[in-house]
Structures are given as structure tokens and as C-alpha cells.
>>> print(open('query22.cif').read())   # mmCIF, C-alpha atoms
data_final
loop_
_atom_site.label_atom_id
_atom_site.label_comp_id
_atom_site.auth_asym_id
_atom_site.auth_seq_id
_atom_site.Cartn_x
_atom_site.Cartn_y
_atom_site.Cartn_z
CA MET A 8 0.00 0.00 0.00
CA MET A 9 2.80 2.36 0.88
CA THR A 10 4.46 1.82 -2.49
CA LEU A 11 1.19 2.55 -4.27
CA LEU A 12 0.85 6.03 -2.81
CA PRO A 13 3.92 7.56 -4.52
CA GLN A 14 2.90 5.85 -7.77
CA PHE A 15 -0.59 7.31 -7.39
CA LEU A 16 0.85 10.80 -6.87
CA LEU A 17 3.24 10.42 -9.82
CA ALA A 18 0.42 9.31 -12.11
CA LEU A 19 -1.69 12.19 -10.78
CA PHE A 20 0.97 14.74 -11.71
CA ALA A 21 1.78 13.09 -15.02
CA THR A 22 -1.89 13.26 -16.03
CA LEU A 23 -1.96 16.87 -14.84
CA GLY A 24 0.86 17.55 -17.29
CA PHE A 25 -1.08 15.89 -20.12
CA THR A 26 -4.23 17.86 -19.30
CA ILE A 27 -2.24 21.09 -19.61
CA ILE A 28 -0.61 20.08 -22.91
CA PHE A 29 -3.93 18.98 -24.39
CA ARG A 30 -5.63 22.06 -22.94
CA VAL A 31 -8.40 20.53 -20.90
CA PRO A 32 -10.69 23.28 -19.50
CA VAL A 33 -9.60 24.22 -15.95
CA LYS A 34 -12.85 23.09 -14.30
CA LYS A 35 -12.47 19.56 -15.63
CA ILE A 36 -8.80 19.05 -14.72
CA PRO A 37 -9.45 17.53 -11.23
CA ALA A 38 -11.76 14.87 -12.67
CA CYS A 39 -9.26 14.12 -15.46
CA ILE A 40 -6.30 13.57 -13.16
CA VAL A 41 -8.33 11.31 -10.87
CA VAL A 42 -9.33 9.20 -13.90
CA GLY A 43 -5.68 8.95 -15.02
CA ALA A 44 -4.33 8.10 -11.57
CA PHE A 45 -6.93 5.40 -10.94
CA GLY A 46 -6.23 3.90 -14.36
CA TRP A 47 -2.53 3.66 -13.54
CA ILE A 48 -3.18 2.17 -10.08
CA THR A 49 -5.51 -0.42 -11.62
CA TYR A 50 -2.76 -1.31 -14.05
CA LEU A 51 -0.16 -1.69 -11.27
CA VAL A 52 -2.39 -3.72 -8.97
CA SER A 53 -3.64 -6.11 -11.64
CA ASP A 54 -0.13 -6.41 -13.10
CA HIS A 55 1.11 -7.39 -9.63
CA TYR A 56 -1.63 -9.88 -8.74
CA LEU A 57 -2.34 -11.37 -12.16
CA GLY A 58 1.25 -11.21 -13.38
CA SER A 59 0.37 -9.96 -16.85
CA PRO A 60 0.84 -6.38 -18.08
CA VAL A 61 -1.53 -7.13 -20.98
CA VAL A 62 -4.44 -8.01 -18.69
CA GLY A 63 -3.43 -5.04 -16.52
CA CYS A 64 -3.74 -2.71 -19.50
CA PHE A 65 -7.11 -4.19 -20.42
CA LEU A 66 -8.56 -3.73 -16.93
CA ALA A 67 -7.05 -0.26 -16.56
CA ALA A 68 -8.50 0.82 -19.92
CA CYS A 69 -11.90 -0.47 -18.76
CA ILE A 70 -11.62 1.57 -15.56
CA VAL A 71 -10.57 4.69 -17.51
CA GLY A 72 -13.51 4.19 -19.90
CA LEU A 73 -15.99 3.76 -17.05
CA PHE A 74 -14.70 6.68 -14.98
CA SER A 75 -14.62 8.96 -18.04
CA PHE A 76 -18.22 8.06 -18.80
CA ILE A 77 -19.24 8.85 -15.20
CA ALA A 78 -17.30 12.14 -15.28
CA ALA A 79 -18.81 13.03 -18.67
CA THR A 80 -22.30 12.39 -17.33
CA ILE A 81 -21.67 14.55 -14.26
CA PHE A 82 -20.09 17.44 -16.18
CA LYS A 83 -22.39 17.01 -19.23
CA ASP A 84 -19.41 17.08 -21.59
CA ALA A 85 -17.73 14.88 -24.19
CA THR A 86 -16.24 11.61 -22.88
CA THR A 87 -13.11 12.17 -24.98
CA ILE A 88 -11.98 15.03 -22.75
CA PHE A 89 -11.57 12.72 -19.77
CA GLU A 90 -10.52 9.65 -21.68
CA ILE A 91 -7.52 10.96 -23.64
CA PRO A 92 -5.39 12.17 -20.68
CA GLY A 93 -6.34 9.04 -18.72
CA ILE A 94 -5.35 6.63 -21.48
CA LEU A 95 -2.02 8.34 -22.16
CA CYS A 96 -0.53 7.00 -18.90
CA LEU A 97 -1.20 3.43 -20.02
CA VAL A 98 0.37 3.61 -23.49
CA PRO A 99 3.49 1.39 -23.34
CA GLY A 100 6.06 4.09 -24.14
CA SER A 101 8.86 2.40 -22.21
CA LYS A 102 8.20 -0.92 -24.00
CA ILE A 103 8.66 0.83 -27.36
CA PHE A 104 12.10 1.86 -26.13
CA TYR A 105 13.06 -1.61 -24.87
CA THR A 106 11.98 -3.17 -28.17
CA MET A 107 14.27 -0.80 -30.01
CA GLU A 108 17.10 -1.40 -27.54
CA ALA A 109 16.85 -5.16 -28.06
CA LEU A 110 16.99 -4.57 -31.81
CA LEU A 111 20.15 -2.49 -31.40
CA ASN A 112 21.71 -5.27 -29.31
CA ASN A 113 20.93 -7.68 -32.15
CA ASP A 114 18.89 -9.73 -29.68
CA LEU A 115 16.03 -10.74 -31.93
CA THR A 116 14.41 -13.13 -29.43
CA GLU A 117 14.19 -10.40 -26.83
CA MET A 118 12.99 -7.95 -29.48
CA GLY A 119 10.23 -10.35 -30.55
CA THR A 120 9.11 -10.87 -26.95
CA VAL A 121 9.08 -7.24 -25.92
CA GLY A 122 7.74 -6.08 -29.28
CA LEU A 123 4.85 -8.51 -29.13
CA GLN A 124 4.17 -7.43 -25.57
CA THR A 125 4.07 -3.79 -26.69
CA LEU A 126 1.63 -4.59 -29.48
CA LEU A 127 -0.52 -6.71 -27.17
CA MET A 128 -0.59 -3.96 -24.53
CA ALA A 129 -1.69 -1.40 -27.12
CA GLY A 130 -4.27 -3.90 -28.34
CA ALA A 131 -5.44 -4.52 -24.77
CA ILE A 132 -5.95 -0.78 -24.24
CA ALA A 133 -8.00 -0.73 -27.43
CA MET A 134 -9.98 -3.80 -26.34
CA GLY A 135 -10.64 -2.31 -22.90
CA LEU A 136 -11.99 0.90 -24.40
CA LEU A 137 -13.97 -1.12 -26.96
CA VAL A 138 -15.59 -3.39 -24.35
CA MET A 139 -16.37 -0.46 -22.05
CA GLY A 140 -17.74 1.53 -24.98
CA ALA A 141 -20.01 -1.35 -25.96
CA VAL A 142 -21.24 -1.85 -22.39
CA ILE A 143 -21.93 1.87 -22.02
CA GLY A 144 -23.69 1.91 -25.40
CA ILE A 145 -26.01 -0.92 -24.31
CA PHE A 146 -26.58 0.77 -20.94
CA ARG A 147 -27.51 4.02 -22.66
CA SER A 148 -29.99 2.38 -25.05
CA LEU A 149 -31.58 0.52 -22.13
CA MET A 150 -31.93 3.81 -20.22
CA ARG A 151 -33.50 5.46 -23.26
CA MET A 152 -35.86 2.50 -23.69
CA THR A 153 -37.06 2.67 -20.10
CA VAL A 154 -37.64 6.41 -20.43
CA THR A 155 -39.78 5.96 -23.57
CA LEU A 156 -41.66 3.06 -21.95
CA LYS A 157 -42.43 5.22 -18.92
CA GLU A 158 -43.74 7.95 -21.17
CA LYS A 159 -46.00 5.49 -22.97
CA PHE A 160 -47.65 4.03 -19.90
CA MET B 12 -35.34 29.16 -48.21
CA GLU B 13 -33.11 31.43 -50.19
CA GLN B 14 -29.75 30.28 -51.46
CA LYS B 15 -27.74 32.84 -49.47
CA ARG B 16 -29.13 31.75 -46.10
CA ARG B 17 -28.61 28.08 -46.87
CA LYS B 18 -25.01 28.78 -47.71
CA ASP B 19 -24.51 30.68 -44.45
CA ILE B 20 -25.94 27.82 -42.42
CA LEU B 21 -23.73 25.35 -44.23
CA ILE B 22 -20.62 27.43 -43.61
CA LEU B 23 -21.48 27.74 -39.92
CA ALA B 24 -21.97 24.00 -39.55
CA ILE B 25 -18.82 23.14 -41.49
CA ARG B 26 -16.83 25.60 -39.42
CA ALA B 27 -17.99 24.01 -36.16
CA GLY B 28 -17.10 20.60 -37.58
CA LYS B 29 -13.71 21.80 -38.76
CA ILE B 30 -12.76 23.18 -35.35
CA MET B 31 -13.76 19.91 -33.69
CA MET B 32 -11.93 17.73 -36.18
CA LYS B 33 -8.77 19.84 -35.93
CA SER B 34 -8.88 19.62 -32.15
CA GLY B 35 -9.00 15.82 -32.24
CA ALA B 36 -12.67 14.92 -31.85
CA GLU B 37 -14.00 11.57 -33.00
CA ILE B 38 -15.83 11.28 -36.33
CA TYR B 39 -19.23 10.54 -34.82
CA ARG B 40 -19.19 13.76 -32.80
CA VAL B 41 -18.23 15.89 -35.80
CA GLU B 42 -20.93 14.39 -38.03
CA ASP B 43 -23.52 14.66 -35.29
CA THR B 44 -22.70 18.32 -34.59
CA ILE B 45 -22.95 19.33 -38.25
CA GLU B 46 -26.23 17.46 -38.68
CA ARG B 47 -27.76 18.99 -35.56
CA ILE B 48 -26.79 22.54 -36.51
CA CYS B 49 -28.26 22.16 -40.02
CA LYS B 50 -31.45 20.52 -38.76
CA ALA B 51 -31.91 23.26 -36.13
CA CYS B 52 -31.99 25.79 -38.98
CA GLY B 53 -34.80 23.91 -40.70
CA ILE B 54 -32.91 21.98 -43.34
CA GLU B 55 -34.60 18.61 -43.79
CA TYR B 56 -31.97 16.55 -45.56
CA VAL B 57 -28.45 16.60 -44.22
CA ASN B 58 -25.82 14.04 -45.13
CA VAL B 59 -22.36 14.28 -43.64
CA PHE B 60 -19.30 12.19 -44.33
CA ALA B 61 -16.28 13.07 -42.26
CA THR B 62 -12.77 11.67 -42.23
CA PRO B 63 -9.73 12.98 -40.32
CA THR B 64 -8.56 14.75 -43.49
CA GLY B 65 -11.80 16.14 -44.88
CA ILE B 66 -15.50 16.80 -44.32
CA PHE B 67 -18.19 16.46 -47.01
CA VAL B 68 -21.68 17.82 -46.43
CA SER B 69 -24.73 17.82 -48.68
CA ILE B 70 -27.93 19.62 -47.74
CA ASP B 71 -31.30 19.76 -49.39
CA SER B 72 -34.78 20.87 -48.37
CA TYR B 73 -38.34 20.80 -49.68
CA GLY B 74 -39.08 23.33 -52.34
CA SER B 75 -35.51 24.17 -53.22
CA ASP B 76 -34.21 23.71 -56.72
CA ASP B 77 -30.82 22.23 -56.07
CA THR B 78 -28.70 20.41 -53.53
CA VAL B 79 -25.80 22.25 -51.94
CA THR B 80 -22.59 20.34 -51.30
CA TYR B 81 -19.51 21.57 -49.51
CA ILE B 82 -16.14 19.88 -49.27
CA LYS B 83 -13.75 21.00 -46.56
CA ARG B 84 -10.20 19.75 -46.60
CA ILE B 85 -8.56 19.52 -43.19
CA ARG B 86 -4.83 19.71 -43.04
CA SER B 87 -2.95 20.30 -39.83
CA SER B 88 -4.38 19.28 -36.50
CA ALA B 89 -3.41 19.90 -32.89
CA THR B 90 -5.19 18.29 -29.97
CA ASP B 91 -7.12 20.88 -28.00
CA LEU B 92 -9.74 19.32 -25.77
CA SER B 93 -11.13 22.65 -24.56
CA LYS B 94 -12.18 23.52 -28.11
CA ILE B 95 -14.07 20.23 -28.43
CA SER B 96 -15.80 20.99 -25.16
CA LYS B 97 -16.61 24.56 -26.24
CA VAL B 98 -18.01 23.59 -29.66
CA ASN B 99 -20.01 20.85 -27.97
CA GLN B 100 -21.60 23.41 -25.66
CA PHE B 101 -22.07 25.76 -28.60
CA SER B 102 -23.99 23.19 -30.64
CA ARG B 103 -26.19 22.39 -27.65
CA GLU B 104 -26.89 26.09 -27.15
CA PHE B 105 -27.44 26.75 -30.85
CA THR B 106 -29.96 23.94 -31.23
CA THR B 107 -31.98 24.73 -28.10
CA THR B 108 -32.13 28.54 -28.20
CA ASP B 109 -33.08 30.73 -31.18
CA MET B 110 -29.59 32.00 -31.90
CA THR B 111 -29.12 33.51 -35.35
CA VAL B 112 -26.49 32.27 -37.78
CA GLU B 113 -24.52 35.53 -37.50
CA GLU B 114 -24.39 35.26 -33.71
CA GLY B 115 -23.30 31.66 -34.04
CA MET B 116 -20.53 32.67 -36.41
CA LYS B 117 -19.31 35.27 -33.92
CA LEU B 118 -19.23 32.68 -31.12
CA LEU B 119 -17.26 30.26 -33.30
CA ASP B 120 -14.79 33.05 -34.08
CA GLU B 121 -14.25 33.50 -30.35
CA ILE B 122 -13.80 29.77 -29.80
CA GLU B 123 -11.30 29.45 -32.64
CA ALA B 124 -9.23 32.39 -31.40
CA LYS B 125 -8.99 31.07 -27.85
CA ARG B 126 -5.58 30.18 -26.47
CA PRO B 127 -6.34 28.54 -23.09
CA TYR B 128 -2.92 28.16 -21.51
CA PRO B 129 0.16 30.32 -22.06
CA PHE B 130 3.23 28.63 -23.53
CA ALA B 131 5.19 28.79 -20.25
CA VAL B 132 2.50 26.81 -18.42
CA ARG B 133 2.36 24.17 -21.15
CA LEU B 134 6.14 23.95 -21.05
CA LEU B 135 5.95 23.29 -17.33
CA GLY B 136 3.27 20.68 -17.99
CA ALA B 137 5.55 18.90 -20.46
CA GLY B 138 8.34 18.93 -17.90
CA VAL B 139 6.05 17.46 -15.25
CA VAL B 140 4.95 14.66 -17.61
CA THR B 141 8.47 13.59 -18.56
CA SER B 142 9.91 13.86 -15.04
CA CYS B 143 7.04 11.93 -13.42
CA PHE B 144 7.31 9.16 -15.98
CA SER B 145 11.07 8.95 -15.63
CA VAL B 146 10.56 8.25 -11.91
CA ILE B 147 7.77 5.73 -12.67
CA PHE B 148 10.20 3.94 -15.02
CA GLY B 149 12.82 3.56 -12.33
CA GLY B 150 14.58 6.90 -12.16
CA THR B 151 15.72 8.80 -9.07
CA VAL B 152 16.02 12.49 -8.24
CA ILE B 153 18.80 12.96 -10.80
CA GLU B 154 16.72 11.51 -13.65
CA PHE B 155 13.76 13.55 -12.45
CA GLY B 156 15.76 16.73 -12.97
CA VAL B 157 17.28 15.63 -16.27
CA ALA B 158 13.93 14.50 -17.68
CA PHE B 159 12.30 17.76 -16.56
CA ALA B 160 14.80 19.87 -18.50
CA VAL B 161 14.91 17.56 -21.54
CA GLY B 162 11.12 17.31 -21.65
CA MET B 163 10.75 21.09 -21.78
CA LEU B 164 13.38 21.28 -24.52
CA CYS B 165 11.66 18.57 -26.56
CA TYR B 166 8.26 20.20 -26.17
CA THR B 167 9.66 23.50 -27.42
CA LEU B 168 11.14 21.71 -30.43
CA SER B 169 7.88 19.90 -31.16
CA ARG B 170 5.93 23.18 -31.03
CA PHE B 171 8.47 24.74 -33.36
CA LEU B 172 8.16 21.85 -35.83
CA GLU B 173 4.36 22.09 -35.64
CA LYS B 174 4.61 25.76 -36.57
CA LEU B 175 6.64 24.75 -39.62
CA GLU B 176 3.93 22.18 -40.46
CA ILE B 177 6.38 19.28 -40.49
CA ASN B 178 4.59 15.91 -40.66
CA PHE B 179 4.07 13.86 -37.51
CA PHE B 180 6.55 11.11 -38.41
CA ILE B 181 9.50 13.47 -38.74
CA LYS B 182 8.34 15.37 -35.67
CA GLY B 183 8.35 12.23 -33.52
CA PHE B 184 11.70 11.15 -34.93
CA VAL B 185 13.47 14.47 -34.38
CA CYS B 186 12.02 15.04 -30.90
CA THR B 187 12.99 11.63 -29.51
CA ALA B 188 16.39 11.92 -31.19
CA LEU B 189 16.98 15.18 -29.34
CA ALA B 190 15.68 13.65 -26.10
CA SER B 191 18.01 10.67 -26.42
CA PHE B 192 20.99 12.86 -27.24
CA CYS B 193 20.40 15.11 -24.23
CA ALA B 194 19.76 12.15 -21.92
CA LEU B 195 22.96 10.42 -23.07
CA LEU B 196 24.88 13.67 -22.64
CA ALA B 197 23.52 14.04 -19.10
CA ALA B 198 24.30 10.40 -18.29
CA ALA B 199 27.87 10.87 -19.51
CA SER B 200 28.50 14.08 -17.60
CA ILE B 201 26.62 13.48 -14.35
CA GLU B 202 27.90 10.82 -11.96
CA GLY B 203 25.40 7.98 -11.48
CA ALA B 204 22.76 9.24 -13.90
CA LEU B 205 20.90 6.67 -16.01
CA TYR B 206 19.81 7.47 -19.54
CA VAL B 207 17.00 4.90 -19.94
CA PRO B 208 14.44 6.45 -17.51
CA ALA B 209 15.03 9.91 -18.94
CA ILE B 210 14.53 8.76 -22.55
CA THR B 211 11.44 6.65 -21.77
CA GLY B 212 10.00 9.58 -19.81
CA CYS B 213 10.44 11.83 -22.84
CA ILE B 214 8.95 9.22 -25.18
CA MET B 215 5.77 9.30 -23.07
CA LEU B 216 5.30 12.93 -24.08
CA PHE B 217 4.85 11.91 -27.72
CA VAL B 218 3.07 8.54 -27.48
CA PRO B 219 0.01 8.21 -29.74
CA GLY B 220 -2.62 8.08 -27.00
CA VAL B 221 -4.99 10.41 -28.83
CA ALA B 222 -4.79 8.37 -32.04
CA ILE B 223 -5.43 5.06 -30.22
CA THR B 224 -8.40 6.41 -28.24
CA ASN B 225 -9.99 8.07 -31.25
CA SER B 226 -9.48 5.11 -33.56
CA ILE B 227 -11.34 2.86 -31.12
CA ARG B 228 -14.19 5.34 -30.77
CA ASP B 229 -14.41 5.54 -34.57
CA PHE B 230 -14.51 1.75 -34.91
CA LEU B 231 -17.23 1.61 -32.25
CA SER B 232 -19.47 4.03 -34.11
CA GLY B 233 -18.88 2.25 -37.43
CA ASP B 234 -16.47 4.70 -39.08
CA MET B 235 -14.09 2.02 -40.29
CA LEU B 236 -12.13 4.26 -42.64
CA SER B 237 -11.18 6.78 -39.97
CA GLY B 238 -10.58 4.05 -37.43
CA LEU B 239 -8.07 2.39 -39.73
CA ALA B 240 -6.45 5.71 -40.63
CA ARG B 241 -5.92 6.62 -36.99
CA MET B 242 -4.74 3.13 -36.06
CA THR B 243 -2.09 3.39 -38.79
CA GLU B 244 -1.16 6.83 -37.51
CA ALA B 245 -0.66 5.41 -34.00
CA ALA B 246 1.56 2.60 -35.31
CA LEU B 247 3.62 5.03 -37.41
CA ILE B 248 4.11 7.39 -34.47
CA GLY B 249 5.31 4.45 -32.36
CA VAL B 250 7.81 3.46 -35.05
CA SER B 251 9.05 7.03 -35.44
CA LEU B 252 9.68 7.35 -31.69
CA ALA B 253 11.63 4.10 -31.58
CA ALA B 254 13.60 5.04 -34.69
CA GLY B 255 14.56 8.47 -33.34
CA ALA B 256 15.89 7.07 -30.08
CA GLY B 257 17.52 4.10 -31.80
CA VAL B 258 19.49 6.07 -34.37
CA VAL B 259 20.97 8.39 -31.76
CA ILE B 260 21.88 5.62 -29.33
CA LYS B 261 23.48 3.59 -32.13
CA LEU B 262 25.52 6.58 -33.33
CA TRP B 263 26.55 7.36 -29.76
CA THR B 264 27.84 3.81 -29.18
CA MET B 265 29.56 3.74 -32.58
CA MET B 266 31.46 6.89 -31.70
CA GLY B 267 32.69 5.24 -28.54
CA GLY B 268 30.27 6.54 -25.94
CA ILE B 269 28.48 4.12 -23.66
CA THR B 270 28.00 0.43 -24.35
CA LEU B 271 24.44 -0.80 -24.17
#
>>> encode(input="query22.cif", output="C-alpha cells")
Amino acid sequence: MMTLLPQFLLALFATLGFTIIFRVPVKKIPACIVVGAFGWITYLVSDHYLGSPVVGCFLAACIVGLFSFIAATIFKDATTIFEIPGILCLVPGSKIFYTMEALLNNDLTEMGTVGLQTLLMAGAIAMGLLVMGAVIGIFRSLMRMTVTLKEKF
Amino acid sequence: MEQKRRKDILILAIRAGKIMMKSGAEIYRVEDTIERICKACGIEYVNVFATPTGIFVSIDSYGSDDTVTYIKRIRSSATDLSKISKVNQFSREFTTTDMTVEEGMKLLDEIEAKRPYPFAVRLLGAGVVTSCFSVIFGGTVIEFGVAFAVGMLCYTLSRFLEKLEINFFIKGFVCTALASFCALLAAASIEGALYVPAITGCIMLFVPGVAITNSIRDFLSGDMLSGLARMTEAALIGVSLAAGAGVVIKLWTMMGGITL
């Protein structure tokens, strides 16, 4: 738990940096950085307990998608605004570097392993967002259906 | 409806769509905004087809002689989430209140001219991103400082290249090359400094998070073409970042610097 707190703070500040670069409106910055930090913590925890960064990325992307949707509903704004800074923390930037480093060392086995992991992590982020998007889409249509049914009866 | 008014409405809608697309909105939102604005002005038939590089709109209404079509090419783009938020609010306001087209145009002018954060603040933001990530990737206080300085330098360079309208591949390549060079220089001159956390921290500043997120949202709403285009963009950005860092590190080792 104690090691998670500094990581949480680091992710919080990193997302704060992203929100400034991508010019998120000031009022929405607090929600954005909370989304980003929780995404990163989800990644760390699931990576630690499940032993797979790919599954970690998937779950973290799901959490980011869900939290962004909640934030977007509260603030009545586009989901993208909360999602983009949150997702940026999860993108495997360091893995890109290690893939390239393995290539420079002429270590093709290592390069294949790390490179595949990078691709899978990016794919997992995409899958997480996709699954969450689909779930939210179904949830929304159900809500709309209940509203129209209520109006009818 | 007279031709002049229809043209004004079309220009207003296209303009709102253009601002959103340039700021990095997903296709669905752009198409939806344009359609809503046109419908709010009493145009019955609106068909929009948007891609990241262009928007096509056709409008038609009862009792008019001909269809009006407008093609808008979109070239450069820079992610600006506050503009997406602002145009979103604008379209909601425009469709629910009886705002005139001229007033709408004035509001869009204001939105387009807005510069939310001064450069110094954004520079600081870039520094915070790179330094935080360098610590996450195993750096210490030294790497924190190095990454902070290098991150700000790289961000300045990337802004400069964006001003010159250099394409994103070259931008990613040059920026990570500079980051790697500075990190290696710092590692060589400062006792006990590592170059890996500093470089990976700087790479995080340029990772294609926006492209990945948007491509998924496009796939979800059925815009396969844009989804594919943005997915390819994400892959290319990744390659450019790796190439930039790789070339510099290779040259550095060849000239007798560090060994990997």
C-alpha cells in the first residue's frame, strides 16, 4: 500500500501535465487527473496480482472508460476530454524503447518478446476501451428505452 | 429558403465541424454536430461524411431547386480538448435557443481564437509529464531533474516543428532523437545518472494516445475508414519514436560513448 501512494501521486501529476498540454478546461482538470491516476493504479495492482501487463492494460482501460463516462455524465461534456489524458498514462512508451534497444543489441528473441508485448498492450488498451464503450452503449440504449416506456404508460 | 441563407448555415456547420476535427474529436461527434446545426436551422436533408482529413456535407430541403454540397479539406491538427468541449456546448446552445447564424458565427470566431494556456504553463506541464514518468520507469532524483529539462526542450522543439507544419513522423523522430541525445549527454556528464528512464520519460510525451483512443471510438461508431487511418497513424508514431531514439543511441555507441 505504501508503495502505491507515490505511484498514485506520480500518475496524478503526469496526467496533470497531459491535461495542460492537451488544454483541458480548468474546471475539468481535477476529474481528469483522478481518472488517469486510478487507471494507472488499476494497471499496477492487476499487473502485480495477475502477473500480466496485458491483462493489466485491459482492466485499466476499462476503468478509464468507465470513470470517463461517469465524469462526462456529471459534467455534461464529451467523454473524450476525460478519456484521452487518462489513457495516455497506459500507453506502453517504455516498452517501445526496450523493443528498439533489443533490436540495437541484435537480440532478436528479446525484441520479438518485448515487441509482441508492446503490441498486445496497445491492443489490450483498445480492447478495454472497446468493451467499455459497448457496455456503455447498451446501458444508454436501455436507459432510453425505459424512459420511452415510462412515457407510454 | 433562399440560397444565401442556406449557404450561411452550411458554412457555420462546417466551421464548427472543422474546429472539432482539428482539435481531435471523434468522427461521430463531428458528423452529429454538423447534422444537428443544419437541422436546427430547418434543413430537412443533411448528409455528412467526415474523415480525419476532410469533411463532405450535402444539404437539401423541400421546395428548393438544387442540392448544396460543400467539401472542406482539413490539413494540420493539434489536440485541443477545450475547443471540443466549447463547440459541444455551442452546438447544444445553438440547437436549443433561437440564436441567429450571425451570432453563431461570432461565437465560433471566439472559440477558434482562444488560447487557453500560455506557452510557459504548457512547457511546465511537459516537464512534469516527462519527469514523473522517468521516476515511474525507475529513475531517481537525478533523472527527475534531467527529464524535466529535456522534456521542456523537446516540447519547445515539437511546437516549433508544428509551426513549420512538419509531418508527424518526422516530428516524432526528431524530438525523440533530441531527447536521447540530451539524456545520453547528461548520463555521460553526471555521476550515477541513467539514460534509460530519462529517454522513456520523454517518449511518453509523444506517445500516440490520442490516435489510439480516437481510432477505437471511430470503430465503435462504425467509421471504419477513420478508425483504420488513426490506427495506422498510431503505429507510425510508435515506429518514429523508436527510430529516433535508436538512431541516436546507435551513433553514440559507434562513436565510442556508452556500451548498451
>>> atom_distance(input="query22.cif", atom1="atom CA of A:Ala78", atom2="atom CA of B:Ile223")
20.4 Å
>>> atom_distance(input="query22.cif", atom1="atom CA of A:Tyr56", atom2="atom CA of B:Met215")
25.1 Å
>>> closest_residue(input="query22.cif", among="B:Val112, B:Val59, B:Val79, B:Met235", to="B:Ile20", atoms="only C-alpha atoms")
B:Val112
>>> closest_atom_pairs(input="query22.cif", of="chain B", to="chain A", cutoff="7 Å", atoms="only C-alpha atoms", output="Markdown table")
| residue | atom | partner | partner_atom | distance |
| --- | --- | --- | --- | --- |
| B:Thr90 | CA | A:Phe29 | CA | 5.8 |
| B:Asp91 | CA | A:Phe29 | CA | 5.2 |
| B:Leu92 | CA | A:Val31 | CA | 5.2 |
| B:Ser93 | CA | A:Val31 | CA | 5.0 |
| B:Ser96 | CA | A:Asp84 | CA | 6.4 |
| B:Pro127 | CA | A:Arg30 | CA | 6.5 |
| B:Tyr128 | CA | A:Arg30 | CA | 6.8 |
| B:Arg133 | CA | A:Ile28 | CA | 5.4 |
| B:Gly136 | CA | A:Gly24 | CA | 4.0 |
| B:Ala137 | CA | A:Gly24 | CA | 5.8 |
| B:Val139 | CA | A:Gly24 | CA | 5.6 |
| B:Val140 | CA | A:Ala21 | CA | 4.4 |
| B:Cys143 | CA | A:Leu17 | CA | 5.4 |
| B:Phe144 | CA | A:Ala21 | CA | 6.9 |
| B:Ile147 | CA | A:Gln14 | CA | 6.9 |
| B:Thr211 | CA | A:Ser101 | CA | 5.0 |
| B:Ile214 | CA | A:Gly100 | CA | 6.0 |
| B:Met215 | CA | A:Gly100 | CA | 5.3 |
| B:Val218 | CA | A:Gly100 | CA | 6.3 |
| B:Gly220 | CA | A:Leu95 | CA | 4.9 |
| B:Val221 | CA | A:Ile91 | CA | 5.8 |
| B:Ile223 | CA | A:Ala133 | CA | 6.9 |
| B:Thr224 | CA | A:Ile91 | CA | 6.5 |
| B:Ile227 | CA | A:Ala133 | CA | 6.1 |
| B:Leu231 | CA | A:Leu137 | CA | 6.8 |
| B:Ala253 | CA | A:Met107 | CA | 5.8 |
| B:Gly257 | CA | A:Met107 | CA | 6.1 |
| B:Lys261 | CA | A:Leu111 | CA | 7.0 |
>>> resolve_selection(input="query22.cif", expression="the PyMOL selection byres ((chain A and resi 64-71) around 6)", output="list in words")
Val42, Gly46, Thr49, Tyr50, Val61, Val62, Gly63, Gly72, Leu73, Phe74, Ser75, Ala131, Ile132, Gly135, Leu136 and Met139 of chain A
>>> closest_residue(input="query22.cif", among="B:Ala194, B:Ala36, B:Ala61, B:Ile25", to="B:Asp234", atoms="only C-alpha atoms")
B:Ala61
